[in-house]
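For reference, the structure is listed below as structure tokens.
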Amino acid sequence: MSPDTLVIDHQLLHQLQHDPRYGYALDEDKPSLLSELGRWLSDHLDGMMQHVNLDSRAAYVVYIVLLLLFLWWIWRSKALHHFFVSQPTVATMSDEAIEADIHAADFDAELARALAAADYTRASRLLYLQTLKHLSDGSRIDWQPQQTPAQYARELKPLPDADAAARSHEAFATLTHHFMRIRYGRQAADRPLFDTMTRLQHIAEKGGEP
């Protein structure tokens, strides 16, 4: 059997593709960006292959390999973008579920979401519940889901320093009052009230101004 002598003349093919006498395109619409990109890639690949003496099968293999490399590069760029760009925080627990188990809540994520939405009423409620968690972790209250905010205010264990303990109790009592008005009195909170409650949280936990 004689060897396959069919070899693509890429130079002649390139000339024919760009000869206006052989233009068969009937669509006169403006080409899309994707088609222009494909044409640009094809032209450059043709130019590269003009200097390579390969049969048709080898040429197709080269085309496929280059196309796969191009697609891999696009995928890798999107993967890196997804890796480095932070995703928006989503709520993982309802307010009722958080009140039922403050130790299971991710307060940082929930507060960030509420503040991003300018929902200061929810953020203020979360701040108080976060305070209960901090005080419970520090063994200053015995958190129980059935207890009331007033009970926590009465049972708060003092700090070692007397002055700090007094400031802590006063701040926690005021923080509790704000929470009860928001939670049970349906008072809407704004940014200044949230900032005030944030300061009270710090005093209640540490005994002094932030």
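Just remember, in the structure tokens the first chain shown is A, the second B, etc., residues are 1-based per chain, and ligands are 1-based in the order shown.
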
Name all residues at most 8 Å from Thr131 of chain A (count only C-alpha atoms; drop same-chain ones fewer than 4 positions away) and give them as an mmCIF file with N, CA and C atoms, in the first residue's frame.
data_model
loop_
_atom_site.group_PDB
_atom_site.id
_atom_site.type_symbol
_atom_site.label_atom_id
_atom_site.label_comp_id
_atom_site.auth_asym_id
_atom_site.auth_seq_id
_atom_site.Cartn_x
_atom_site.Cartn_y
_atom_site.Cartn_z
ATOM 1 N N LEU A 127 -26.814 41.325 68.731
ATOM 2 C CA LEU A 127 -25.740 41.823 69.601
ATOM 3 C C LEU A 127 -25.999 41.444 71.054
ATOM 4 N N LEU A 135 -20.912 36.211 78.015
ATOM 5 C CA LEU A 135 -21.012 36.133 79.483
ATOM 6 C C LEU A 135 -21.141 34.691 79.942
ATOM 7 N N GLN A 201 -22.188 46.680 75.294
ATOM 8 C CA GLN A 201 -21.720 45.293 75.310
ATOM 9 C C GLN A 201 -20.292 45.206 75.840
ATOM 10 N N GLU A 205 -19.074 43.414 79.401
ATOM 11 C CA GLU A 205 -18.163 42.274 79.394
ATOM 12 C C GLU A 205 -16.828 42.597 80.063
#

Point-to-point distance in Å for atom CA of Arg167 of chain A and atom CA of Leu126 of chain A: 22.0 Å

Using only C-alpha atoms: which of A:Trp72, A:Tyr184, A:Tyr152, A:Tyr128 has the shortest distance to Thr196 of chain A: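 With only C-alpha atoms as the atom set, the closest residue is A:Tyr128.
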
Atom CA of Phe194 of chain A to atom CA of Pro160 of chain A, distance in Å rounded to a single decimal: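 Atom-to-atom, atom CA of Phe194 of chain A to atom CA of Pro160 of chain A, that is 28.1 Å.
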
Selection: 12 Å around Gln146 of chain A, only C-alpha atoms, excl. self and same-chain fewer than 3 positions, as a list of chain:residue names: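 Near Gln146 of chain A, the qualifying residues are A:Glu99, A:Ala100, A:Asp101, A:Asp142, A:Trp143, A:Pro149, A:Ala150, A:Gln151, A:Tyr152.
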
Who sits within 10 Å of segment 104-106 of chain A, only C-alpha atoms, same chain under 5 positions skipped, as a list in words: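 Returned residues: Ala91, Thr92, Met93, Ser94, Asp95, Ala97, Ile98, Glu99, Leu111, Leu126, Leu129, Gln130 and Lys133 of chain A.
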
Atomic separation - atom CA of Leu156 of chain A relative to atom CA of Pro192 of chain A, Å: 26.1 Å

Polymer residues at most 10 Å from Phe179 of chain A, only C-alpha atoms, same-chain spacing of 3 or more positions, as a PyMOL selection string: chain A and resi 121+124-129+149+173-176+182-187+189+197

Could you save the residues just selected, with C-alpha atoms, as a PDB file, in the first residue's frame?
ATOM      1  CA  THR A 121     -33.226  45.955  64.456  1.00  0.00           C
ATOM      2  CA  SER A 124     -29.281  44.871  67.799  1.00  0.00           C
ATOM      3  CA  ARG A 125     -31.091  41.694  68.823  1.00  0.00           C
ATOM      4  CA  LEU A 126     -28.141  39.598  67.688  1.00  0.00           C
ATOM      5  CA  LEU A 127     -25.740  41.823  69.601  1.00  0.00           C
ATOM      6  CA  TYR A 128     -27.571  41.200  72.871  1.00  0.00           C
ATOM      7  CA  LEU A 129     -27.673  37.443  72.261  1.00  0.00           C
ATOM      8  CA  PRO A 149     -33.478  38.721  80.042  1.00  0.00           C
ATOM      9  CA  ALA A 173     -28.984  46.354  82.660  1.00  0.00           C
ATOM     10  CA  THR A 174     -29.230  49.157  80.082  1.00  0.00           C
ATOM     11  CA  LEU A 175     -28.369  46.775  77.245  1.00  0.00           C
ATOM     12  CA  THR A 176     -31.069  44.399  78.469  1.00  0.00           C
ATOM     13  CA  ILE A 182     -36.728  45.938  70.512  1.00  0.00           C
ATOM     14  CA  ARG A 183     -37.640  42.272  71.015  1.00  0.00           C
ATOM     15  CA  TYR A 184     -40.935  42.599  72.855  1.00  0.00           C
ATOM     16  CA  GLY A 185     -41.900  46.244  72.392  1.00  0.00           C
ATOM     17  CA  ARG A 186     -41.369  46.111  68.619  1.00  0.00           C
ATOM     18  CA  GLN A 187     -39.157  49.206  68.720  1.00  0.00           C
ATOM     19  CA  ALA A 189     -33.502  50.218  65.926  1.00  0.00           C
ATOM     20  CA  MET A 197     -25.545  48.896  72.349  1.00  0.00           C
TER      21      MET A 197
END

Residue nearest Asp137 of chain A - candidates A:Arg122, A:His169, A:His103, A:Arg191, atoms counted: only C-alpha atoms: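 Of A:Arg122, A:His169, A:His103, A:Arg191, the one nearest Asp137 of chain A is A:His103, counting only C-alpha atoms.
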